[in-house]
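Report on the following structure.
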Amino acid sequence: MTDAADDLRSELSGALEAANSPEAVEQLRVAYLGKKGKITALLKSLGQLPPEERKAAGQRINQLKNAASEELEQRKLELVDAAGSGVVIDVTAPGLPVAPGGLHPITQMMYDLDDAFAALNFEVYQGPEISTEHHDFDNMNFPPDHPARESMDTYWLAGGDGNESRRCLRPHLTGGSVRHMLEGSPPYRFVYPGHVYRNETTDARHERAFVQYEALIVDREVPFTAGRLLIDTILQTVFGKPVKTRMRAGFFPFVEPGYEIDMECQVCAGEGCSVCKHVGWLEVMPGGVPHPNVLRCAGLNPDEWTGFYVNVGLDRLVMMRYGIDDVRLFHSADLRFLHQFR
Amino acid sequence: MLVSLDWLKDYVTLPEDLSPEQIMHDLTLATVEVEGVEFPAERLAGICVAEVVSAEPVPDTRLTMTRCDAGEHGVLPVVCGAANVRAGLRVALALPGARIYPHGASEALVVKQAQLRGMDSHAVICAADEIGLTGVFPAADDKTIIELSELTEVALGTPLADAVGYADAVFEIDNKSLTNRPDLWGHYGIARELAAIYSAPLAELPEAPKVPAAQRALLAPSEPAVCNRFTATVFEGVSVQQAPLAMRSRLARVGQRAIDLFVDLTNYVMFAVGQPSHAFDADQLNGPLRARFGESGEQLTLLDGVEVQGDPAMAFIADESTPLAVAGVKGGAASGVTSDTSRIFLEMANFDAKLIRAASQKIGARTEASTRFEKALDTQRIDQGLGLFHALLKEVQPAARVVAFQDEVSRATERAVVVVTHDYINTRLGVPFAADAIQASLEVLGFEVEVANDEFRLRAPTWRSTGDVSLPADIVEEVARLHGYDNFQFVPPRIDLTHLPRSRRMPLDRQVRELLATAGLQEVFTYPWTRDALIEAAAGSATDFLALEMPPAPDLARLRPSLLPNLLEAVVTNQRYYEEFGLFEVGSVYSETGDRTSAAAVLAGSSAEGLFRKLRGVVEHVQRRAQLESIRLMPSREPHDWADPEAQLHILKGEERVGVLARVSNRSKRLSGIDRAEVIGFELSLAPLSYHPTRENRYEKVPEFPASWFDVSVLLADDVTWEQVLAQTAAIDPLLREVRWIGEYRGKGIPESHRSLTLRLVVGAHDRTLVSEEAEAVRSKVVSVLTENLSAVQR
Ligand SMILES: [Zn+2]
């Protein structure tokens, strides 16, 4: 009896091994465990045994039945899993676009910088675009006859009754910085991004509307070398790695002393190439200590307060970041251009 | 400005191993931006001094067959076409390999041995314009070869560059970086900086000889507002010829062509010390000279033939009868020096800077003189100029005599006094400097330094006292730049954490930009001005425009009152390349009261209905995600610039309209040039909006018992709105939790002006699972309300 059970068990195992579809397994289940199955038959034959052997043989055959049933089910699942889904996918087809929108590349750069400065606990200031001669020139240490006041550089607004200060589209941000300082109390640590406008003839390198980014620290003691913090924060954010810079003498009406800040040419790594006119350095931004007159206009005593200021043209930095060769693309609203930066 | 190293070496003794590139670098870091350095000898490579030993005319041609002795290069056969070639003449001979520019050619021609009409020609005898030397050797025409008659002592075969002094390095300095440094507009000023940078000795300039005062007045009193100092010197026994080769060569290297001895002398003095002057023919003057304002009705013909009308905004140099020159800008034709001149009246003066700039703009002439005067020169510089002029003239024309001199000073430049403490300098620089080191570096620059009680009392030199140096900060700059900005160590700023105000969260405009971008729209930048035609198309109701005085184009004067017009133009830009797209801009819009920030977007595509629902979804997304204090959308048929009143929502905050979401009207599309596409737009003013101070919604208990749902389709007339459906079903039964939009259908089987609307009814109770009879009861309630009140028909 037990021999027969062992034989059936190994017979089934061999048959299952050979079965290659869930349907074949089902046929085997019927053949062994069905009403007329081989194991069922064995169970039925128990009655012919002597009573003292029935119990042990019954246990033995029930074990066989359970083991067979489990083995059948296991094999069936294996074959179902292996059968595949029947789904056909061309995995090489292009991915579907997720919401095809995006920020303007200059906005992206601006927000990268905002975040970098926010991490240094700088405030982000935003000021009005319509400004006045009083704010942007008188307050800014421009002599009354400075050429920038003439219409050729600044977009003056038509009209005005002659009594009030002439209005203009802001030609720079520094007047706004002074305004912001007049509203608060020192020390200051803020950045000021914004669009500015100049009356220029446009070409691949010149635009009438562009975006500047200003960063300013004002405190009681700010050695001018501390200003490198501003410069390095900007350049590391833009280029994603430390960039070698140098400061050299420069003149700007908002600052005294003033510096021209150059960075190592990223194209030739300082070796000299056509991009950097073979000097290995590129002019990136002016900076310096706010001019005493500017501090005075911001309501501060220049003997008590000092600081550091940089102003950088974002258009140029974005052009360097991506290798863009025409500044006019930024205001083109051309999606073929803008979609490259989303 | 071009600066010659050879010329600088007249004034400063530089370390011997210093390369021009190093000078360029050091000067750039400490003083002014040097944009490049050029070596003029490179242009003359392969050209040498030679002598024509024989010259035979070639029969039936204009050519001459010559043999030229080029010293170590041998005696060469050369065919020459110039009329002035002759035996015994010293010439500039371009040997094989040299590059020359034949008359008018822009590309170089490389000289090689050739045959001309069967004759050997192994070199080229050069005309001045072929080798870029017209400034040194002015020629009557381009067929005339250079006559090196001044080079009889030079060995034949000597490189021409050496013979004419072109073995030099010429720096190009960015004029903008010189704007605030009038002292640097001459070689002597740059030499002074180099002396300070390298601690090198600076030569003294020659002093002007003492001349007894004039017997009769050379000058009449000038207008003090025009002129700070006026000197007149009269020389007799002069002859107007060509300036010596060395002087012409230097002038040419810094970009100034030779004209005649006296023009060249005044130019030379100007390029040396920065002081302009003007030489008149003394015999053409009528009475004493003075500087005065122009008068209307006066006329003056300038040296270049241009007619200038008198004007009180410009200054003239005039004698008793007539204006002679525009002061500080340009001389007149009638009183200029000619080859007949034998007496020179030298005017060397100092004029008001603003007046010079105004005059040079008025007559459209920016000259080397006006460029310098408008930077504000010091009056003492005239002494340097006179000293140099006398010394040079004596060398060139020993026979010339000074016969009269007059000097009228109305306002001498005063030395600026700056008092600054040692501590101030060190704090601002962040590095301690010894007092004697500060003193030494300032003294090299011409400052007089007194140190007492830790305080520097400084008298700036006159050449730095016309506006350049006046404050303690200026002194910090002088010390820092001579030390070298790059030699300072970084000092991190010390930051007081207690005072700074800090924005509480992301500015609203940034939040809105980021939400619109993640909603699938692309940000664009447009200009602040808008084309008149687009204002007509999409912003016709605006009245209080801001406009530019000098717009980029006549129809671009008005600043945008709304972002929509320029966005419609952007749709036109892109409609050629894309069938469906979305654009947005967050930026300023302008009105008489100033500018305010607005956000606007457009979706362009083919289905107005689909686009509308998409853009409405975007507005709702922005409102929800930005936590804006409650704004709501309200249908309106009120006409609005670009909106189609049939498909328009007002965006309201309370009762205030803060924006519009609508289909762009056919008229606006047509006028802005949009073909085919449907466009849906919105504009939302950000200024009135604010973040909810915290969060606006309350927690609701999560239902314990499951809800169930089923869909119902009803036929409705087109004038029945979704909002009406919601209103009718809102409070119909406490078991009805929500009525959701599933979809609408128009077309086959649906009558004209109707739609089939499918709703999803979500039902449930908080305390039990509903049985199907209860759910069914809610369904029939909904259907009967819609049927009775909105004439719906269940499908
Ligand atoms: Zn480079």
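Ligands are numbered from 1 in the order shown, chains are lettered A, B, ... in the order of the structure tokens, and residues start at 1 in each chain.
Neighbouring residues of ligand 1 at a cut-off of 7 Å, counting only C-alpha atoms and all ligand atoms, are Cys265, Gln266, Val267, Cys268, Ala269, Gly270, Glu271, Gly272, Cys273, Ser274, Val275, Cys276, Lys277, His278, Val279, Gly280 and Trp281 of chain A.
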For the residues in the current selection, export N, CA and C atoms as a JSON list (two decimals), in the first residue's frame.
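The result, stored in part13.json:
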```
[["chain", "number", "residue", "atom", "x", "y", "z"],
["A", 265, "CYS", "N", 37.85, 82.60, -17.65],
["A", 265, "CYS", "CA", 37.08, 82.17, -18.82],
["A", 265, "CYS", "C", 36.82, 80.67, -18.71],
["A", 266, "GLN", "N", 35.53, 80.29, -18.77],
["A", 266, "GLN", "CA", 35.17, 78.89, -18.59],
["A", 266, "GLN", "C", 35.39, 78.08, -19.88],
["A", 267, "VAL", "N", 35.54, 78.81, -20.97],
["A", 267, "VAL", "CA", 35.73, 78.11, -22.24],
["A", 267, "VAL", "C", 37.16, 77.56, -22.35],
["A", 268, "CYS", "N", 38.14, 78.41, -21.95],
["A", 268, "CYS", "CA", 39.53, 78.00, -22.14],
["A", 268, "CYS", "C", 40.25, 77.78, -20.81],
["A", 269, "ALA", "N", 39.51, 77.86, -19.70],
["A", 269, "ALA", "CA", 40.11, 77.69, -18.37],
["A", 269, "ALA", "C", 41.29, 78.64, -18.16],
["A", 270, "GLY", "N", 41.15, 79.87, -18.66],
["A", 270, "GLY", "CA", 42.17, 80.88, -18.40],
["A", 270, "GLY", "C", 43.35, 80.88, -19.35],
["A", 271, "GLU", "N", 43.31, 79.97, -20.33],
["A", 271, "GLU", "CA", 44.45, 79.89, -21.25],
["A", 271, "GLU", "C", 44.42, 80.99, -22.31],
["A", 272, "GLY", "N", 43.23, 81.53, -22.55],
["A", 272, "GLY", "CA", 43.08, 82.54, -23.60],
["A", 272, "GLY", "C", 42.43, 81.93, -24.82],
["A", 273, "CYS", "N", 41.31, 82.50, -25.25],
["A", 273, "CYS", "CA", 40.61, 82.01, -26.44],
["A", 273, "CYS", "C", 39.83, 83.17, -27.04],
["A", 274, "SER", "N", 39.10, 82.91, -28.12],
["A", 274, "SER", "CA", 38.43, 84.02, -28.78],
["A", 274, "SER", "C", 37.31, 84.58, -27.92],
["A", 275, "VAL", "N", 36.67, 83.74, -27.09],
["A", 275, "VAL", "CA", 35.58, 84.22, -26.24],
["A", 275, "VAL", "C", 36.07, 85.29, -25.27],
["A", 276, "CYS", "N", 37.25, 85.09, -24.69],
["A", 276, "CYS", "CA", 37.77, 86.04, -23.71],
["A", 276, "CYS", "C", 38.78, 87.00, -24.34],
["A", 277, "LYS", "N", 38.75, 87.12, -25.64],
["A", 277, "LYS", "CA", 39.68, 87.99, -26.38],
["A", 277, "LYS", "C", 41.13, 87.69, -25.98],
["A", 278, "HIS", "N", 41.40, 86.42, -25.72],
["A", 278, "HIS", "CA", 42.75, 85.94, -25.43],
["A", 278, "HIS", "C", 43.37, 86.48, -24.16],
["A", 279, "VAL", "N", 42.56, 86.93, -23.20],
["A", 279, "VAL", "CA", 43.15, 87.34, -21.93],
["A", 279, "VAL", "C", 42.88, 86.34, -20.82],
["A", 280, "GLY", "N", 42.00, 85.35, -21.06],
["A", 280, "GLY", "CA", 41.76, 84.33, -20.05],
["A", 280, "GLY", "C", 40.74, 84.75, -19.00],
["A", 281, "TRP", "N", 40.30, 86.01, -19.05],
["A", 281, "TRP", "CA", 39.35, 86.51, -18.06],
["A", 281, "TRP", "C", 38.16, 87.14, -18.77]]
```
Inset, instruction - Please identify all polymer residues within 10 Å of region 275-284 of chain B, counting only C-alpha atoms, omitting same-chain residues fewer than 5 positions from it, and present them as a VMD selection string. - result: chain B and resid 183 185 to 186 231 to 236 262 to 263 265 to 270 319 324 to 325 327 to 338 340 to 350 368 to 373 377 to 386 389
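Rounded to one decimal, CA of Phe230 (chain B) and CA of Phe316 (chain B) lie 12.8 Å from each other.
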Inset, instruction - May I ask you to extract the residues of chain B within 7 Å of chain A, using only C-alpha atoms, and to give them as a ChimeraX atom specification? - result: /B:28-32,177,180,427-430,473-474,477,481,485-486,488-493,499-500,502-503,517-527,546-550,570,573-574,594-595
Legend entry - Surrounding residues of Leu43 (chain A) excluding itself and chain neighbours under 4 positions, 12 Å, only C-alpha atoms, as a PyMOL selection string: chain A and resi 1-2+4-5+32-39+47-49+54-55+57-65
Inset, instruction - Assign secondary structure with DSSP using the backbone only, and return the residues of region 365-485 of chain B in helix (DSSP H, G or I) as a VMD selection string. - result: chain B and resid 368 to 373 381 to 396 422 to 429 435 to 444 462 to 464 472 to 483 485
Would you output that residue set with C-alpha atoms, as a compact mmCIF listing (two decimals), in the first residue's frame?
```txt
# COMPACT_ATOMS: atom_id res chain seq x y z
CA GLU B 368 40.73 114.47 -28.90
CA ALA B 369 40.71 117.93 -27.29
CA SER B 370 37.04 117.93 -26.28
CA THR B 371 37.30 114.37 -24.95
CA ARG B 372 40.00 115.58 -22.58
CA PHE B 373 38.46 118.90 -21.61
CA ARG B 381 48.76 121.12 -16.48
CA ILE B 382 49.19 124.08 -18.84
CA ASP B 383 52.61 124.67 -17.28
CA GLN B 384 53.64 121.14 -18.20
CA GLY B 385 52.28 121.62 -21.70
CA LEU B 386 54.10 124.87 -22.25
CA GLY B 387 57.35 123.49 -20.91
CA LEU B 388 57.19 120.56 -23.28
CA PHE B 389 56.15 122.69 -26.26
CA HIS B 390 59.09 125.07 -25.75
CA ALA B 391 61.55 122.23 -25.37
CA LEU B 392 60.34 120.43 -28.47
CA LEU B 393 60.23 123.54 -30.66
CA LYS B 394 63.72 124.54 -29.60
CA GLU B 395 64.99 121.15 -30.71
CA VAL B 396 63.20 121.21 -34.07
CA HIS B 422 44.60 105.30 9.90
CA ASP B 423 41.90 103.24 11.57
CA TYR B 424 39.33 104.10 8.88
CA ILE B 425 41.64 102.85 6.15
CA ASN B 426 42.45 99.62 7.96
CA THR B 427 38.83 98.86 8.90
CA ARG B 428 37.61 99.35 5.38
CA LEU B 429 40.39 97.24 3.94
CA ALA B 435 51.28 104.24 8.36
CA ASP B 436 54.57 104.69 6.55
CA ALA B 437 53.54 102.23 3.83
CA ILE B 438 50.34 104.20 3.24
CA GLN B 439 52.31 107.43 3.17
CA ALA B 440 54.85 106.07 0.71
CA SER B 441 52.34 104.79 -1.80
CA LEU B 442 50.36 108.03 -1.73
CA GLU B 443 53.45 110.17 -2.16
CA VAL B 444 54.44 108.37 -5.33
CA THR B 462 46.02 119.20 -8.76
CA TRP B 463 45.68 116.55 -11.48
CA ARG B 464 43.58 114.45 -9.10
CA PRO B 472 38.26 109.31 2.64
CA ALA B 473 36.86 106.45 0.55
CA ASP B 474 38.94 107.70 -2.40
CA ILE B 475 42.06 107.30 -0.29
CA VAL B 476 41.09 103.75 0.66
CA GLU B 477 40.83 103.01 -3.03
CA GLU B 478 44.29 104.42 -3.78
CA VAL B 479 45.92 102.33 -1.07
CA ALA B 480 44.00 99.19 -2.04
CA ARG B 481 44.61 99.32 -5.77
CA LEU B 482 48.33 99.89 -5.41
CA HIS B 483 48.53 96.99 -2.97
CA TYR B 485 43.00 93.87 -4.92
```
Inset, instruction - Extract, using only C-alpha atoms, all DNA, RNA and protein residues at most 10 Å from Gly673 (chain B), discarding same-chain residues fewer than 6 positions from it, and format them as a ChimeraX atom specification. - result: /B:534,537,568-569,571-573,667
Inset, instruction - Can you check which residues of region 396-457 of chain B DSSP gives as strand (DSSP E or B) on the backbone and send them as an NGL selection string? - result: :B and (401-409 or 417-421 or 448-452 or 455-457)
Inset, instruction - Considering only C-alpha atoms, return as a PyMOL selection string whatever protein or nucleic-acid residues lie within 7 Å of region 68-72 of chain B, sequence-local ones (same chain, fewer than 3 positions apart) excluded. - result: chain B and resi 49-53+75-78+156-157
Print the selection's residues with all heavy atoms to a file, as a compact mmCIF listing (two decimals), in the first residue's frame.
```txt
# COMPACT_ATOMS: atom_id res chain seq x y z
N VAL B 49 65.17 98.99 -45.34
CA VAL B 49 65.61 100.22 -45.98
C VAL B 49 66.55 99.84 -47.12
O VAL B 49 67.48 99.05 -46.93
CB VAL B 49 66.35 101.12 -44.96
CG1 VAL B 49 66.88 102.38 -45.65
CG2 VAL B 49 65.43 101.47 -43.80
N ALA B 50 66.32 100.36 -48.31
CA ALA B 50 67.18 100.05 -49.46
C ALA B 50 67.43 101.33 -50.25
O ALA B 50 66.79 102.36 -50.02
CB ALA B 50 66.49 99.00 -50.35
N GLU B 51 68.38 101.25 -51.17
CA GLU B 51 68.66 102.43 -51.99
C GLU B 51 68.57 102.02 -53.45
O GLU B 51 69.07 100.97 -53.85
CB GLU B 51 70.05 102.97 -51.68
CG GLU B 51 70.31 104.33 -52.30
CD GLU B 51 71.59 104.98 -51.74
OE1 GLU B 51 71.66 105.20 -50.51
OE2 GLU B 51 72.51 105.21 -52.53
N VAL B 52 67.94 102.87 -54.24
CA VAL B 52 67.84 102.60 -55.67
C VAL B 52 69.20 102.95 -56.28
O VAL B 52 69.64 104.10 -56.19
CB VAL B 52 66.73 103.45 -56.32
CG1 VAL B 52 66.62 103.16 -57.80
CG2 VAL B 52 65.40 103.21 -55.60
N VAL B 53 69.85 101.94 -56.85
CA VAL B 53 71.19 102.23 -57.41
C VAL B 53 71.11 102.53 -58.89
O VAL B 53 71.93 103.26 -59.43
CB VAL B 53 72.20 101.10 -57.12
CG1 VAL B 53 72.61 101.10 -55.66
CG2 VAL B 53 71.66 99.74 -57.52
N VAL B 75 71.67 93.04 -53.89
CA VAL B 75 71.17 94.05 -54.84
C VAL B 75 70.13 93.34 -55.69
O VAL B 75 70.42 92.33 -56.34
CB VAL B 75 72.30 94.63 -55.70
CG1 VAL B 75 71.74 95.64 -56.70
CG2 VAL B 75 73.35 95.28 -54.81
N LEU B 76 68.89 93.85 -55.66
CA LEU B 76 67.78 93.12 -56.25
C LEU B 76 67.20 93.86 -57.44
O LEU B 76 67.10 95.08 -57.41
CB LEU B 76 66.67 92.91 -55.22
CG LEU B 76 67.09 92.26 -53.90
CD1 LEU B 76 65.93 92.28 -52.92
CD2 LEU B 76 67.57 90.84 -54.14
N PRO B 77 66.79 93.13 -58.48
CA PRO B 77 66.07 93.76 -59.58
C PRO B 77 64.62 94.00 -59.16
O PRO B 77 63.97 93.09 -58.66
CB PRO B 77 66.15 92.72 -60.71
CG PRO B 77 66.30 91.41 -60.00
CD PRO B 77 66.97 91.67 -58.69
N VAL B 78 64.15 95.22 -59.32
CA VAL B 78 62.77 95.53 -58.94
C VAL B 78 62.13 96.40 -60.02
O VAL B 78 62.71 97.41 -60.42
CB VAL B 78 62.70 96.29 -57.60
CG1 VAL B 78 61.24 96.54 -57.20
CG2 VAL B 78 63.44 95.54 -56.50
N LEU B 156 71.99 100.18 -45.06
CA LEU B 156 71.07 99.55 -45.99
C LEU B 156 70.76 98.14 -45.52
O LEU B 156 71.62 97.44 -45.00
CB LEU B 156 71.66 99.54 -47.40
CG LEU B 156 71.85 100.95 -48.00
CD1 LEU B 156 72.50 100.86 -49.38
CD2 LEU B 156 70.53 101.69 -48.07
N GLY B 157 69.51 97.72 -45.67
CA GLY B 157 69.11 96.38 -45.22
C GLY B 157 68.53 96.38 -43.82
O GLY B 157 67.99 95.38 -43.35
```
Legend entry - Who sits within 12 Å of Glu56 (chain B), only C-alpha atoms, same chain under 6 positions skipped, as a ChimeraX atom specification: /B:62-67,77-81,85-87
Any chance you could export the current selection's all heavy atoms as a short mmCIF file (atom, residue, chain, number, x, y, z; two decimals), in the first residue's frame?
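Generated file (result21.cif):
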```
data_model
loop_
_atom_site.label_atom_id
_atom_site.label_comp_id
_atom_site.auth_asym_id
_atom_site.auth_seq_id
_atom_site.Cartn_x
_atom_site.Cartn_y
_atom_site.Cartn_z
N ARG B 62 54.88 102.89 -68.25
CA ARG B 62 55.20 103.85 -67.18
C ARG B 62 56.12 103.22 -66.15
O ARG B 62 56.35 103.77 -65.09
CB ARG B 62 53.91 104.28 -66.47
CG ARG B 62 53.04 105.14 -67.35
CD ARG B 62 51.80 105.52 -66.57
NE ARG B 62 50.86 106.21 -67.44
CZ ARG B 62 49.62 106.46 -67.10
NH1 ARG B 62 49.18 106.06 -65.92
NH2 ARG B 62 48.81 107.08 -67.93
N LEU B 63 56.59 102.02 -66.46
CA LEU B 63 57.39 101.29 -65.48
C LEU B 63 58.85 101.71 -65.52
O LEU B 63 59.33 102.23 -66.51
CB LEU B 63 57.29 99.79 -65.74
CG LEU B 63 55.88 99.21 -65.67
CD1 LEU B 63 55.89 97.73 -66.05
CD2 LEU B 63 55.30 99.40 -64.27
N THR B 64 59.51 101.46 -64.40
CA THR B 64 60.94 101.71 -64.32
C THR B 64 61.60 100.42 -63.85
O THR B 64 61.13 99.78 -62.91
CB THR B 64 61.23 102.83 -63.28
OG1 THR B 64 60.46 103.97 -63.62
CG2 THR B 64 62.71 103.19 -63.28
N MET B 65 62.68 100.06 -64.53
CA MET B 65 63.45 98.88 -64.11
C MET B 65 64.55 99.38 -63.20
O MET B 65 65.36 100.22 -63.58
CB MET B 65 64.04 98.23 -65.38
CG MET B 65 64.85 96.98 -65.10
SD MET B 65 63.83 95.63 -64.48
CE MET B 65 64.81 95.09 -63.09
N THR B 66 64.53 98.90 -61.95
CA THR B 66 65.53 99.41 -61.01
C THR B 66 66.37 98.26 -60.47
O THR B 66 65.99 97.09 -60.58
CB THR B 66 64.89 100.10 -59.79
OG1 THR B 66 64.28 99.09 -58.98
CG2 THR B 66 63.83 101.10 -60.21
N ARG B 67 67.50 98.67 -59.90
CA ARG B 67 68.23 97.73 -59.05
C ARG B 67 68.33 98.39 -57.69
O ARG B 67 68.67 99.56 -57.58
CB ARG B 67 69.61 97.45 -59.65
CG ARG B 67 69.52 96.73 -61.00
CD ARG B 67 70.90 96.36 -61.55
NE ARG B 67 71.61 95.40 -60.72
CZ ARG B 67 71.34 94.08 -60.66
NH1 ARG B 67 70.35 93.58 -61.40
NH2 ARG B 67 72.02 93.27 -59.89
N PRO B 77 66.79 93.13 -58.48
CA PRO B 77 66.07 93.76 -59.58
C PRO B 77 64.62 94.00 -59.16
O PRO B 77 63.97 93.09 -58.66
CB PRO B 77 66.15 92.72 -60.71
CG PRO B 77 66.30 91.41 -60.00
CD PRO B 77 66.97 91.67 -58.69
N VAL B 78 64.15 95.22 -59.32
CA VAL B 78 62.77 95.53 -58.94
C VAL B 78 62.13 96.40 -60.02
O VAL B 78 62.71 97.41 -60.42
CB VAL B 78 62.70 96.29 -57.60
CG1 VAL B 78 61.24 96.54 -57.20
CG2 VAL B 78 63.44 95.54 -56.50
N VAL B 79 60.96 95.96 -60.51
CA VAL B 79 60.21 96.80 -61.44
C VAL B 79 59.25 97.65 -60.63
O VAL B 79 58.55 97.15 -59.76
CB VAL B 79 59.42 95.93 -62.45
CG1 VAL B 79 58.61 96.80 -63.38
CG2 VAL B 79 60.37 95.03 -63.21
N CYS B 80 59.25 98.96 -60.89
CA CYS B 80 58.45 99.88 -60.08
C CYS B 80 57.61 100.76 -60.98
O CYS B 80 58.08 101.21 -62.02
CB CYS B 80 59.40 100.71 -59.22
SG CYS B 80 58.55 101.93 -58.20
N GLY B 81 56.36 101.02 -60.58
CA GLY B 81 55.47 101.84 -61.40
C GLY B 81 55.33 103.27 -60.93
O GLY B 81 54.59 104.04 -61.53
N VAL B 85 60.22 107.31 -58.53
CA VAL B 85 61.37 106.43 -58.32
C VAL B 85 62.55 106.97 -59.13
O VAL B 85 62.38 107.44 -60.25
CB VAL B 85 61.03 104.97 -58.69
CG1 VAL B 85 60.78 104.82 -60.18
CG2 VAL B 85 62.15 104.02 -58.23
N ARG B 86 63.74 106.97 -58.49
CA ARG B 86 64.91 107.49 -59.19
C ARG B 86 66.17 106.97 -58.49
O ARG B 86 66.11 106.59 -57.32
CB ARG B 86 64.90 109.02 -59.22
CG ARG B 86 64.88 109.64 -57.84
CD ARG B 86 64.57 111.13 -57.89
NE ARG B 86 64.61 111.70 -56.55
CZ ARG B 86 63.57 111.75 -55.71
NH1 ARG B 86 62.39 111.27 -56.07
NH2 ARG B 86 63.71 112.29 -54.52
N ALA B 87 67.25 107.00 -59.23
CA ALA B 87 68.50 106.50 -58.67
C ALA B 87 68.91 107.38 -57.50
O ALA B 87 68.69 108.60 -57.52
CB ALA B 87 69.59 106.51 -59.75
#
```
Legend entry - Among listed residues B:Val782, B:Val58, B:Ala258, B:Met506, nearest Ala139 (chain B) (using only C-alpha atoms): B:Ala258
